[in-house]
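Undergrad: First, the structure itself, so that you have it in front of you.
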Amino acid sequence: MKQKLNRLLLQSILLIAFSINALSQPGTNLVKVIISPDHKDWTYKVNEVAKFSVQVLKFGNLLENVTIEYETGPEMLPDVKKEGVLLKSGKTEFTGTMKVPGFYRLRVWAVVDGKKYEGLATAGFEPEKIQPTVKDVAEFDSFWNNAISEARKINLDPKLTLMPERCTSEANVYHISFQNEINGSRIYGILAMPKKPGKYPAILRVPGAGIRPYAGDAKTAALGIITLEIGIHGIPVNLDAQVYDNLMSGALSSYWTIKMNNRDLFYYKRVYLGCVRAVDFIFSLPEFNGSDIAVTGGSQGGALTIITAGLDKRIKYMAALYPALCDYAGYLNKRAGGWPHYFKTSEPKPGETETLDYYDVVNFARRITIPGFYTWGYNDITCPPTSMYSAYNVIKAQKELQIFQETGHWTYPEQNEAVSNWLIKQLKGQ
């Protein structure tokens with residue numbers, strides 16, 4: 001019995017040690033495909049030739065006699081694809097150029113022991129000159145002003161439930177909801193409030209794509225800033241994860257296409273209005289200082305950041321990370337469009353382009369009047385940089401863009417820190 005217990009104890013210790021070791025392993029691959037443009041900022045003049053060096057490494061050394069596949073060309077629309085290319089030395093070079101402002105991308109897959117390892121790099125060609133393909137519409141402002149006016153006829157009917165398990169010594173955390181654009185349609189979220197009595201600035205955090213629970217931001221609340229993190233789907237944000245998985249696989253699968261042929265019924269109408277009502281909710285809080293409010297988010301949340309700031313002039317500051325929903329018509333003009341890549345593989349149906357003109361981030365960006373902080377990378381496949389620059393370049397207000405060229409649809413900790421520092425500086429002067 002004693003030997004058995006000792007054996008079980010040893011197995012447990014080994015299992016714990018293995019688990020800790022696994023958690024500490026960096027998120028990297030055994031084989032690395034490193035692609036390096038010859039300009040350190042990855043940026044070129046139109047018609048200039050970009051040179052890409054490619055290295056396939058294993059344990060930090062060139063992997064000889066490795067087979068690769070690759071595709072090159074304008075981002076999202078490669079015009080050259082090849083397979084079965086042997087690199088005897090484990091390295092090679094490519095070149096590419098563009099005749100108009102945009103992005104040229106090289107993607108390489110090394111095939112090792114039947115497994116593919118990917119590397120990519122994207123060269124920007126005068127991206128500051130990229131212009132959107134989406135056109136402004138004459139009724140844009142009247143449509144959204146009327147929609148907001150109608151939504152505000154609905155009583156907010158706010159409900160707050162304290163979440164003791166999430167509260168800290170410096171912040172109270174609540175699961176909240178309020179009515180949106182019609183009776184019974186609610187927006188849910190997590191509100192974090194400083195415990196110390198006073199009047200505070202606020203941050204509205206708007207969500208990326210998908211359906212999920214939310215934790216709130218008690219850490220920022222502890223710094224003396226009210227934070228409201230909202231969901232957009234009209235369901236509580238503190239349920240079991242399986243509920244959200246079921247919805248994403250079922251009733252709300254591809255929600256971004258629901259009734260997109262009708263500007264009055266499109267799914268995103270209640271979402272955009274819900275962001276404005278979230279600002280209404282913050283302004284109803286006695287603890288809010290009544291003036292200093294920012295909005296921030298990434299991906300779909302980056303889009304909702306620009307949209308909220310474009311719709312609601314009470315927003316004073318904004319910080320958008322790799323915004324989605326930019327320049328949907330790009331693919332109709334033979335260049336990359338933004339997530340969710342409307343019309344990349346299909347032609348528009350009647351009413352769809354007319355609807356999307358009212359919902360594209362570009363047309364909200366045209367209406368931005370406040371200082372903004374923006375950040376993304378050249379290697380983003382989910383939200384191609386061409387689409388993001390299409391929106392950014394039409395913004396006339398004060399703006400700051402930090403590019404982290406290598407990032408795709410993710411951020412370095414330094415990017416997140418830069419966003420947080422910028423927001424805190426604007427709201428608290430620190």
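Here's how to read the names in the structure tokens: chain A, B, ... by the order shown, residue numbers from 1 in each chain, ligand numbers from 1 in the order shown.
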Just want the 9 Å neighbourhood of Tyr272 of chain A, counted on only C-alpha atoms, with same-chain residues fewer than 5 positions away dropped. Output as a ChimeraX atom specification.

TA: /A:232,277,304,307-308,311,359

Undergrad: Take the selection from the previous step and output its residues with C-alpha atoms, as a short mmCIF file (atom, residue, chain, number, x, y, z; two decimals), in the first residue's frame.

TA:
```cif
data_model
loop_
_atom_site.label_atom_id
_atom_site.label_comp_id
_atom_site.auth_asym_id
_atom_site.auth_seq_id
_atom_site.Cartn_x
_atom_site.Cartn_y
_atom_site.Cartn_z
CA ILE A 232 -23.78 43.34 -28.05
CA ARG A 277 -27.18 53.74 -25.30
CA LEU A 304 -17.33 50.02 -32.81
CA ILE A 307 -18.52 54.14 -34.98
CA THR A 308 -19.42 55.23 -31.44
CA LEU A 311 -22.21 58.86 -33.79
CA TYR A 359 -22.66 50.67 -41.66
#
```

Undergrad: May I have the residues within 12 Å of Glu354 of chain A as an MDAnalysis selection string, using only C-alpha atoms and disregarding those fewer than 4 positions away in the same chain?

TA: chainID A and resid 134:140 260:264 266 328:329 348:350 358:360

Undergrad: Compile the contact shell of Leu86 of chain A as a PyMOL selection string: residues with an atom at most 10 Å away, counting only C-alpha atoms, same-chain residues fewer than 4 positions apart removed.

TA: chain A and resi 64-69+90-92+110

Undergrad: Would you mind exporting the chosen residues as a PDB file, in the first residue's frame, restricted to N, CA and C atoms?

TA:
```pdb
ATOM      1  N   GLU A  64      18.369  22.683 -44.051  1.00  0.00           N
ATOM      2  CA  GLU A  64      18.732  22.390 -45.436  1.00  0.00           C
ATOM      3  C   GLU A  64      17.750  21.419 -46.086  1.00  0.00           C
ATOM      4  N   ASN A  65      17.678  21.521 -47.447  1.00  0.00           N
ATOM      5  CA  ASN A  65      16.844  20.616 -48.259  1.00  0.00           C
ATOM      6  C   ASN A  65      15.392  20.585 -47.757  1.00  0.00           C
ATOM      7  N   VAL A  66      14.846  21.778 -47.536  1.00  0.00           N
ATOM      8  CA  VAL A  66      13.465  21.881 -47.070  1.00  0.00           C
ATOM      9  C   VAL A  66      12.581  22.306 -48.248  1.00  0.00           C
ATOM     10  N   THR A  67      11.398  21.738 -48.296  1.00  0.00           N
ATOM     11  CA  THR A  67      10.440  22.057 -49.357  1.00  0.00           C
ATOM     12  C   THR A  67       9.474  23.130 -48.863  1.00  0.00           C
ATOM     13  N   ILE A  68       9.219  24.107 -49.725  1.00  0.00           N
ATOM     14  CA  ILE A  68       8.297  25.181 -49.351  1.00  0.00           C
ATOM     15  C   ILE A  68       7.175  25.326 -50.374  1.00  0.00           C
ATOM     16  N   GLU A  69       6.091  25.941 -49.908  1.00  0.00           N
ATOM     17  CA  GLU A  69       5.027  26.452 -50.757  1.00  0.00           C
ATOM     18  C   GLU A  69       4.959  27.952 -50.512  1.00  0.00           C
ATOM     19  N   GLY A  90      18.164  26.221 -47.308  1.00  0.00           N
ATOM     20  CA  GLY A  90      17.206  26.662 -46.292  1.00  0.00           C
ATOM     21  C   GLY A  90      16.867  28.132 -46.351  1.00  0.00           C
ATOM     22  N   LYS A  91      17.276  28.795 -47.430  1.00  0.00           N
ATOM     23  CA  LYS A  91      16.956  30.220 -47.549  1.00  0.00           C
ATOM     24  C   LYS A  91      16.775  30.593 -49.018  1.00  0.00           C
ATOM     25  N   THR A  92      16.085  31.710 -49.231  1.00  0.00           N
ATOM     26  CA  THR A  92      15.871  32.211 -50.585  1.00  0.00           C
ATOM     27  C   THR A  92      15.471  33.678 -50.504  1.00  0.00           C
ATOM     28  N   ALA A 110       6.767  26.166 -44.928  1.00  0.00           N
ATOM     29  CA  ALA A 110       7.773  25.107 -44.993  1.00  0.00           C
ATOM     30  C   ALA A 110       7.095  23.785 -44.636  1.00  0.00           C
TER      31      ALA A 110
END
```

Undergrad: Determine which residues of segment 198-430 of chain A DSSP labels as alpha helix (DSSP H) from the backbone of this structure, then write them out as a PDB file with N, CA and C atoms, in the first residue's frame.

TA:
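The resulting out11.pdb:
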```
ATOM      1  N   ALA A 218     -11.748  45.777 -13.372  1.00  0.00           N
ATOM      2  CA  ALA A 218     -11.591  46.328 -12.022  1.00  0.00           C
ATOM      3  C   ALA A 218     -10.233  46.987 -11.836  1.00  0.00           C
ATOM      4  N   LYS A 219      -9.231  46.542 -12.582  1.00  0.00           N
ATOM      5  CA  LYS A 219      -7.886  47.098 -12.444  1.00  0.00           C
ATOM      6  C   LYS A 219      -7.870  48.580 -12.817  1.00  0.00           C
ATOM      7  N   THR A 220      -8.512  48.919 -13.946  1.00  0.00           N
ATOM      8  CA  THR A 220      -8.557  50.320 -14.347  1.00  0.00           C
ATOM      9  C   THR A 220      -9.447  51.130 -13.409  1.00  0.00           C
ATOM     10  N   ALA A 221     -10.530  50.505 -12.931  1.00  0.00           N
ATOM     11  CA  ALA A 221     -11.412  51.191 -11.983  1.00  0.00           C
ATOM     12  C   ALA A 221     -10.651  51.566 -10.713  1.00  0.00           C
ATOM     13  N   ALA A 241     -19.900  29.272 -20.585  1.00  0.00           N
ATOM     14  CA  ALA A 241     -19.344  29.419 -21.934  1.00  0.00           C
ATOM     15  C   ALA A 241     -20.110  28.623 -22.977  1.00  0.00           C
ATOM     16  N   GLN A 242     -20.707  27.495 -22.569  1.00  0.00           N
ATOM     17  CA  GLN A 242     -21.418  26.658 -23.524  1.00  0.00           C
ATOM     18  C   GLN A 242     -22.615  27.377 -24.139  1.00  0.00           C
ATOM     19  N   VAL A 243     -23.216  28.279 -23.373  1.00  0.00           N
ATOM     20  CA  VAL A 243     -24.352  29.046 -23.901  1.00  0.00           C
ATOM     21  C   VAL A 243     -23.917  29.861 -25.119  1.00  0.00           C
ATOM     22  N   TYR A 244     -22.782  30.509 -25.009  1.00  0.00           N
ATOM     23  CA  TYR A 244     -22.295  31.348 -26.096  1.00  0.00           C
ATOM     24  C   TYR A 244     -21.845  30.503 -27.287  1.00  0.00           C
ATOM     25  N   ASP A 245     -21.215  29.374 -26.996  1.00  0.00           N
ATOM     26  CA  ASP A 245     -20.791  28.472 -28.075  1.00  0.00           C
ATOM     27  C   ASP A 245     -21.999  27.980 -28.864  1.00  0.00           C
ATOM     28  N   ASN A 246     -23.064  27.645 -28.158  1.00  0.00           N
ATOM     29  CA  ASN A 246     -24.271  27.155 -28.830  1.00  0.00           C
ATOM     30  C   ASN A 246     -24.891  28.226 -29.723  1.00  0.00           C
ATOM     31  N   LEU A 247     -24.920  29.463 -29.227  1.00  0.00           N
ATOM     32  CA  LEU A 247     -25.472  30.557 -30.019  1.00  0.00           C
ATOM     33  C   LEU A 247     -24.621  30.839 -31.250  1.00  0.00           C
ATOM     34  N   MET A 248     -23.292  30.795 -31.067  1.00  0.00           N
ATOM     35  CA  MET A 248     -22.403  31.081 -32.181  1.00  0.00           C
ATOM     36  C   MET A 248     -22.492  30.001 -33.257  1.00  0.00           C
ATOM     37  N   SER A 249     -22.784  28.792 -32.836  1.00  0.00           N
ATOM     38  CA  SER A 249     -22.918  27.693 -33.796  1.00  0.00           C
ATOM     39  C   SER A 249     -24.338  27.560 -34.327  1.00  0.00           C
ATOM     40  N   TYR A 267     -28.556  43.419 -38.641  1.00  0.00           N
ATOM     41  CA  TYR A 267     -28.206  43.053 -37.268  1.00  0.00           C
ATOM     42  C   TYR A 267     -27.409  44.150 -36.566  1.00  0.00           C
ATOM     43  N   TYR A 268     -26.500  44.772 -37.299  1.00  0.00           N
ATOM     44  CA  TYR A 268     -25.627  45.744 -36.660  1.00  0.00           C
ATOM     45  C   TYR A 268     -26.346  47.031 -36.253  1.00  0.00           C
ATOM     46  N   LYS A 269     -27.584  47.243 -36.697  1.00  0.00           N
ATOM     47  CA  LYS A 269     -28.269  48.471 -36.292  1.00  0.00           C
ATOM     48  C   LYS A 269     -28.455  48.499 -34.777  1.00  0.00           C
ATOM     49  N   ARG A 270     -28.956  47.406 -34.194  1.00  0.00           N
ATOM     50  CA  ARG A 270     -29.137  47.379 -32.747  1.00  0.00           C
ATOM     51  C   ARG A 270     -27.787  47.427 -32.018  1.00  0.00           C
ATOM     52  N   VAL A 271     -26.746  46.925 -32.666  1.00  0.00           N
ATOM     53  CA  VAL A 271     -25.413  46.945 -32.063  1.00  0.00           C
ATOM     54  C   VAL A 271     -24.894  48.378 -31.974  1.00  0.00           C
ATOM     55  N   TYR A 272     -24.938  49.101 -33.093  1.00  0.00           N
ATOM     56  CA  TYR A 272     -24.436  50.469 -33.099  1.00  0.00           C
ATOM     57  C   TYR A 272     -25.243  51.345 -32.142  1.00  0.00           C
ATOM     58  N   LEU A 273     -26.577  51.166 -32.163  1.00  0.00           N
ATOM     59  CA  LEU A 273     -27.419  51.930 -31.243  1.00  0.00           C
ATOM     60  C   LEU A 273     -27.136  51.543 -29.797  1.00  0.00           C
ATOM     61  N   GLY A 274     -26.825  50.262 -29.572  1.00  0.00           N
ATOM     62  CA  GLY A 274     -26.496  49.805 -28.227  1.00  0.00           C
ATOM     63  C   GLY A 274     -25.261  50.482 -27.672  1.00  0.00           C
ATOM     64  N   CYS A 275     -24.308  50.807 -28.543  1.00  0.00           N
ATOM     65  CA  CYS A 275     -23.103  51.521 -28.091  1.00  0.00           C
ATOM     66  C   CYS A 275     -23.460  52.940 -27.654  1.00  0.00           C
ATOM     67  N   VAL A 276     -24.344  53.600 -28.395  1.00  0.00           N
ATOM     68  CA  VAL A 276     -24.777  54.939 -28.005  1.00  0.00           C
ATOM     69  C   VAL A 276     -25.567  54.879 -26.698  1.00  0.00           C
ATOM     70  N   ARG A 277     -26.427  53.875 -26.548  1.00  0.00           N
ATOM     71  CA  ARG A 277     -27.180  53.745 -25.303  1.00  0.00           C
ATOM     72  C   ARG A 277     -26.256  53.436 -24.127  1.00  0.00           C
ATOM     73  N   ALA A 278     -25.133  52.776 -24.408  1.00  0.00           N
ATOM     74  CA  ALA A 278     -24.144  52.540 -23.345  1.00  0.00           C
ATOM     75  C   ALA A 278     -23.559  53.861 -22.855  1.00  0.00           C
ATOM     76  N   VAL A 279     -23.357  54.789 -23.779  1.00  0.00           N
ATOM     77  CA  VAL A 279     -22.905  56.127 -23.381  1.00  0.00           C
ATOM     78  C   VAL A 279     -23.996  56.802 -22.555  1.00  0.00           C
ATOM     79  N   ASP A 280     -25.257  56.641 -22.975  1.00  0.00           N
ATOM     80  CA  ASP A 280     -26.375  57.172 -22.180  1.00  0.00           C
ATOM     81  C   ASP A 280     -26.343  56.614 -20.762  1.00  0.00           C
ATOM     82  N   PHE A 281     -26.086  55.314 -20.655  1.00  0.00           N
ATOM     83  CA  PHE A 281     -26.045  54.663 -19.343  1.00  0.00           C
ATOM     84  C   PHE A 281     -24.940  55.256 -18.479  1.00  0.00           C
ATOM     85  N   ILE A 282     -23.753  55.429 -19.057  1.00  0.00           N
ATOM     86  CA  ILE A 282     -22.638  56.004 -18.296  1.00  0.00           C
ATOM     87  C   ILE A 282     -22.983  57.409 -17.819  1.00  0.00           C
ATOM     88  N   PHE A 283     -23.615  58.203 -18.679  1.00  0.00           N
ATOM     89  CA  PHE A 283     -23.980  59.554 -18.286  1.00  0.00           C
ATOM     90  C   PHE A 283     -25.057  59.567 -17.203  1.00  0.00           C
ATOM     91  N   SER A 284     -25.771  58.461 -17.029  1.00  0.00           N
ATOM     92  CA  SER A 284     -26.790  58.398 -15.977  1.00  0.00           C
ATOM     93  C   SER A 284     -26.205  58.059 -14.611  1.00  0.00           C
ATOM     94  N   GLN A 300     -13.606  43.949 -34.250  1.00  0.00           N
ATOM     95  CA  GLN A 300     -14.962  44.485 -34.281  1.00  0.00           C
ATOM     96  C   GLN A 300     -15.084  45.618 -33.270  1.00  0.00           C
ATOM     97  N   GLY A 301     -14.395  45.471 -32.128  1.00  0.00           N
ATOM     98  CA  GLY A 301     -14.379  46.527 -31.133  1.00  0.00           C
ATOM     99  C   GLY A 301     -13.666  47.774 -31.617  1.00  0.00           C
ATOM    100  N   GLY A 302     -12.641  47.618 -32.465  1.00  0.00           N
ATOM    101  CA  GLY A 302     -12.001  48.772 -33.071  1.00  0.00           C
ATOM    102  C   GLY A 302     -12.960  49.505 -33.988  1.00  0.00           C
ATOM    103  N   ALA A 303     -13.758  48.719 -34.724  1.00  0.00           N
ATOM    104  CA  ALA A 303     -14.796  49.312 -35.567  1.00  0.00           C
ATOM    105  C   ALA A 303     -15.823  50.049 -34.721  1.00  0.00           C
ATOM    106  N   LEU A 304     -16.316  49.399 -33.657  1.00  0.00           N
ATOM    107  CA  LEU A 304     -17.332  50.017 -32.807  1.00  0.00           C
ATOM    108  C   LEU A 304     -16.792  51.249 -32.090  1.00  0.00           C
ATOM    109  N   THR A 305     -15.481  51.287 -31.854  1.00  0.00           N
ATOM    110  CA  THR A 305     -14.866  52.477 -31.277  1.00  0.00           C
ATOM    111  C   THR A 305     -15.040  53.674 -32.204  1.00  0.00           C
ATOM    112  N   ILE A 306     -14.666  53.491 -33.472  1.00  0.00           N
ATOM    113  CA  ILE A 306     -14.784  54.577 -34.445  1.00  0.00           C
ATOM    114  C   ILE A 306     -16.249  54.929 -34.676  1.00  0.00           C
ATOM    115  N   ILE A 307     -17.092  53.918 -34.742  1.00  0.00           N
ATOM    116  CA  ILE A 307     -18.516  54.141 -34.978  1.00  0.00           C
ATOM    117  C   ILE A 307     -19.147  54.933 -33.833  1.00  0.00           C
ATOM    118  N   THR A 308     -18.854  54.533 -32.600  1.00  0.00           N
ATOM    119  CA  THR A 308     -19.423  55.232 -31.445  1.00  0.00           C
ATOM    120  C   THR A 308     -18.967  56.679 -31.402  1.00  0.00           C
ATOM    121  N   ALA A 309     -17.677  56.904 -31.657  1.00  0.00           N
ATOM    122  CA  ALA A 309     -17.158  58.271 -31.664  1.00  0.00           C
ATOM    123  C   ALA A 309     -17.745  59.088 -32.805  1.00  0.00           C
ATOM    124  N   GLY A 310     -18.032  58.423 -33.934  1.00  0.00           N
ATOM    125  CA  GLY A 310     -18.640  59.128 -35.059  1.00  0.00           C
ATOM    126  C   GLY A 310     -20.092  59.473 -34.822  1.00  0.00           C
ATOM    127  N   LEU A 311     -20.785  58.646 -34.046  1.00  0.00           N
ATOM    128  CA  LEU A 311     -22.211  58.858 -33.790  1.00  0.00           C
ATOM    129  C   LEU A 311     -22.479  59.770 -32.606  1.00  0.00           C
ATOM    130  N   GLU A 352     -27.750  44.822 -50.611  1.00  0.00           N
ATOM    131  CA  GLU A 352     -26.658  44.633 -49.648  1.00  0.00           C
ATOM    132  C   GLU A 352     -25.660  45.784 -49.666  1.00  0.00           C
ATOM    133  N   THR A 353     -25.219  46.211 -50.833  1.00  0.00           N
ATOM    134  CA  THR A 353     -24.251  47.310 -50.855  1.00  0.00           C
ATOM    135  C   THR A 353     -24.897  48.607 -50.376  1.00  0.00           C
ATOM    136  N   GLU A 354     -26.160  48.803 -50.708  1.00  0.00           N
ATOM    137  CA  GLU A 354     -26.867  50.005 -50.255  1.00  0.00           C
ATOM    138  C   GLU A 354     -26.963  50.041 -48.732  1.00  0.00           C
ATOM    139  N   THR A 355     -27.159  48.871 -48.126  1.00  0.00           N
ATOM    140  CA  THR A 355     -27.210  48.797 -46.662  1.00  0.00           C
ATOM    141  C   THR A 355     -25.843  49.044 -46.052  1.00  0.00           C
ATOM    142  N   LEU A 356     -24.827  48.376 -46.575  1.00  0.00           N
ATOM    143  CA  LEU A 356     -23.499  48.452 -45.972  1.00  0.00           C
ATOM    144  C   LEU A 356     -22.897  49.854 -46.041  1.00  0.00           C
ATOM    145  N   VAL A 361     -17.298  51.402 -41.502  1.00  0.00           N
ATOM    146  CA  VAL A 361     -16.512  52.255 -40.608  1.00  0.00           C
ATOM    147  C   VAL A 361     -16.008  53.515 -41.313  1.00  0.00           C
ATOM    148  N   VAL A 362     -15.701  53.400 -42.597  1.00  0.00           N
ATOM    149  CA  VAL A 362     -15.181  54.554 -43.337  1.00  0.00           C
ATOM    150  C   VAL A 362     -16.098  55.766 -43.186  1.00  0.00           C
ATOM    151  N   ASN A 363     -17.407  55.550 -43.299  1.00  0.00           N
ATOM    152  CA  ASN A 363     -18.325  56.685 -43.263  1.00  0.00           C
ATOM    153  C   ASN A 363     -18.503  57.255 -41.860  1.00  0.00           C
ATOM    154  N   PHE A 364     -18.188  56.475 -40.836  1.00  0.00           N
ATOM    155  CA  PHE A 364     -18.146  57.021 -39.476  1.00  0.00           C
ATOM    156  C   PHE A 364     -16.818  57.745 -39.244  1.00  0.00           C
ATOM    157  N   ALA A 365     -15.744  57.211 -39.833  1.00  0.00           N
ATOM    158  CA  ALA A 365     -14.436  57.845 -39.699  1.00  0.00           C
ATOM    159  C   ALA A 365     -14.447  59.249 -40.295  1.00  0.00           C
ATOM    160  N   PRO A 385      -4.491  45.612 -43.685  1.00  0.00           N
ATOM    161  CA  PRO A 385      -4.120  47.010 -43.478  1.00  0.00           C
ATOM    162  C   PRO A 385      -4.665  47.969 -44.533  1.00  0.00           C
ATOM    163  N   THR A 386      -4.844  47.502 -45.763  1.00  0.00           N
ATOM    164  CA  THR A 386      -5.445  48.372 -46.778  1.00  0.00           C
ATOM    165  C   THR A 386      -6.798  48.887 -46.313  1.00  0.00           C
ATOM    166  N   SER A 387      -7.599  48.003 -45.724  1.00  0.00           N
ATOM    167  CA  SER A 387      -8.934  48.403 -45.278  1.00  0.00           C
ATOM    168  C   SER A 387      -8.849  49.376 -44.110  1.00  0.00           C
ATOM    169  N   MET A 388      -7.915  49.139 -43.190  1.00  0.00           N
ATOM    170  CA  MET A 388      -7.809  50.011 -42.024  1.00  0.00           C
ATOM    171  C   MET A 388      -7.306  51.401 -42.409  1.00  0.00           C
ATOM    172  N   TYR A 389      -6.319  51.451 -43.302  1.00  0.00           N
ATOM    173  CA  TYR A 389      -5.855  52.748 -43.781  1.00  0.00           C
ATOM    174  C   TYR A 389      -6.952  53.487 -44.547  1.00  0.00           C
ATOM    175  N   SER A 390      -7.852  52.750 -45.196  1.00  0.00           N
ATOM    176  CA  SER A 390      -8.951  53.387 -45.918  1.00  0.00           C
ATOM    177  C   SER A 390      -9.792  54.242 -44.985  1.00  0.00           C
ATOM    178  N   ALA A 391      -9.984  53.760 -43.759  1.00  0.00           N
ATOM    179  CA  ALA A 391     -10.735  54.529 -42.768  1.00  0.00           C
ATOM    180  C   ALA A 391      -9.854  55.594 -42.118  1.00  0.00           C
ATOM    181  N   TYR A 392      -8.659  55.210 -41.727  1.00  0.00           N
ATOM    182  CA  TYR A 392      -7.774  56.132 -41.012  1.00  0.00           C
ATOM    183  C   TYR A 392      -7.458  57.369 -41.841  1.00  0.00           C
ATOM    184  N   PRO A 413       2.449  43.094 -25.914  1.00  0.00           N
ATOM    185  CA  PRO A 413       2.137  43.766 -24.645  1.00  0.00           C
ATOM    186  C   PRO A 413       2.440  45.259 -24.696  1.00  0.00           C
ATOM    187  N   GLU A 414       3.478  45.630 -25.429  1.00  0.00           N
ATOM    188  CA  GLU A 414       3.831  47.046 -25.535  1.00  0.00           C
ATOM    189  C   GLU A 414       2.742  47.855 -26.231  1.00  0.00           C
ATOM    190  N   GLN A 415       2.032  47.218 -27.187  1.00  0.00           N
ATOM    191  CA  GLN A 415       0.919  47.909 -27.839  1.00  0.00           C
ATOM    192  C   GLN A 415      -0.213  48.174 -26.855  1.00  0.00           C
ATOM    193  N   ASN A 416      -0.566  47.133 -26.107  1.00  0.00           N
ATOM    194  CA  ASN A 416      -1.643  47.281 -25.130  1.00  0.00           C
ATOM    195  C   ASN A 416      -1.286  48.332 -24.083  1.00  0.00           C
ATOM    196  N   GLU A 417      -0.023  48.331 -23.688  1.00  0.00           N
ATOM    197  CA  GLU A 417       0.441  49.314 -22.704  1.00  0.00           C
ATOM    198  C   GLU A 417       0.350  50.728 -23.272  1.00  0.00           C
ATOM    199  N   ALA A 418       0.691  50.876 -24.550  1.00  0.00           N
ATOM    200  CA  ALA A 418       0.631  52.197 -25.185  1.00  0.00           C
ATOM    201  C   ALA A 418      -0.809  52.707 -25.227  1.00  0.00           C
ATOM    202  N   VAL A 419      -1.757  51.809 -25.542  1.00  0.00           N
ATOM    203  CA  VAL A 419      -3.169  52.198 -25.571  1.00  0.00           C
ATOM    204  C   VAL A 419      -3.630  52.632 -24.187  1.00  0.00           C
ATOM    205  N   SER A 420      -3.338  51.808 -23.175  1.00  0.00           N
ATOM    206  CA  SER A 420      -3.765  52.120 -21.808  1.00  0.00           C
ATOM    207  C   SER A 420      -3.163  53.429 -21.324  1.00  0.00           C
ATOM    208  N   ASN A 421      -1.872  53.623 -21.581  1.00  0.00           N
ATOM    209  CA  ASN A 421      -1.203  54.846 -21.135  1.00  0.00           C
ATOM    210  C   ASN A 421      -1.799  56.082 -21.802  1.00  0.00           C
ATOM    211  N   TRP A 422      -2.112  55.953 -23.095  1.00  0.00           N
ATOM    212  CA  TRP A 422      -2.687  57.085 -23.821  1.00  0.00           C
ATOM    213  C   TRP A 422      -4.054  57.448 -23.256  1.00  0.00           C
ATOM    214  N   LEU A 423      -4.880  56.445 -23.009  1.00  0.00           N
ATOM    215  CA  LEU A 423      -6.219  56.698 -22.472  1.00  0.00           C
ATOM    216  C   LEU A 423      -6.161  57.339 -21.086  1.00  0.00           C
ATOM    217  N   ILE A 424      -5.312  56.789 -20.241  1.00  0.00           N
ATOM    218  CA  ILE A 424      -5.200  57.318 -18.873  1.00  0.00           C
ATOM    219  C   ILE A 424      -4.688  58.758 -18.910  1.00  0.00           C
ATOM    220  N   LYS A 425      -3.740  59.028 -19.788  1.00  0.00           N
ATOM    221  CA  LYS A 425      -3.202  60.392 -19.906  1.00  0.00           C
ATOM    222  C   LYS A 425      -4.288  61.361 -20.323  1.00  0.00           C
ATOM    223  N   GLN A 426      -5.127  60.953 -21.296  1.00  0.00           N
ATOM    224  CA  GLN A 426      -6.189  61.841 -21.752  1.00  0.00           C
ATOM    225  C   GLN A 426      -7.231  62.085 -20.659  1.00  0.00           C
ATOM    226  N   LEU A 427      -7.579  61.009 -19.960  1.00  0.00           N
ATOM    227  CA  LEU A 427      -8.678  61.100 -18.994  1.00  0.00           C
ATOM    228  C   LEU A 427      -8.250  61.679 -17.650  1.00  0.00           C
ATOM    229  N   LYS A 428      -6.989  61.448 -17.282  1.00  0.00           N
ATOM    230  CA  LYS A 428      -6.553  61.886 -15.948  1.00  0.00           C
ATOM    231  C   LYS A 428      -5.345  62.834 -15.985  1.00  0.00           C
TER     232      LYS A 428
END
```

Undergrad: Find the nearest atom pair between each residue of segment 214-278 of chain A and segment 189-197 of chain A for residues within 7 Å, count only C-alpha atoms, give distances in Å to one decimal, sort rows by chain and ascending number, and present the table as CSV.

TA:
```
residue,atom,partner,partner_atom,distance
A:Tyr214,CA,A:Ile190,CA,6.9
A:Ala215,CA,A:Ile190,CA,6.7
A:Gly216,CA,A:Ile190,CA,4.9
A:Asp217,CA,A:Ala192,CA,6.1
A:Ala218,CA,A:Ala192,CA,5.3
A:Ala221,CA,A:Pro194,CA,5.2
A:Ala222,CA,A:Pro194,CA,5.7
A:Gly224,CA,A:Pro194,CA,5.7
A:Ile225,CA,A:Pro194,CA,6.9
A:Ile226,CA,A:Met193,CA,5.0
A:Thr227,CA,A:Ala192,CA,5.2
A:Leu228,CA,A:Leu191,CA,4.5
A:Glu229,CA,A:Ile190,CA,5.2
A:Ile230,CA,A:Gly189,CA,4.0
A:Gly231,CA,A:Gly189,CA,5.7
A:Val237,CA,A:Gly189,CA,6.1
```
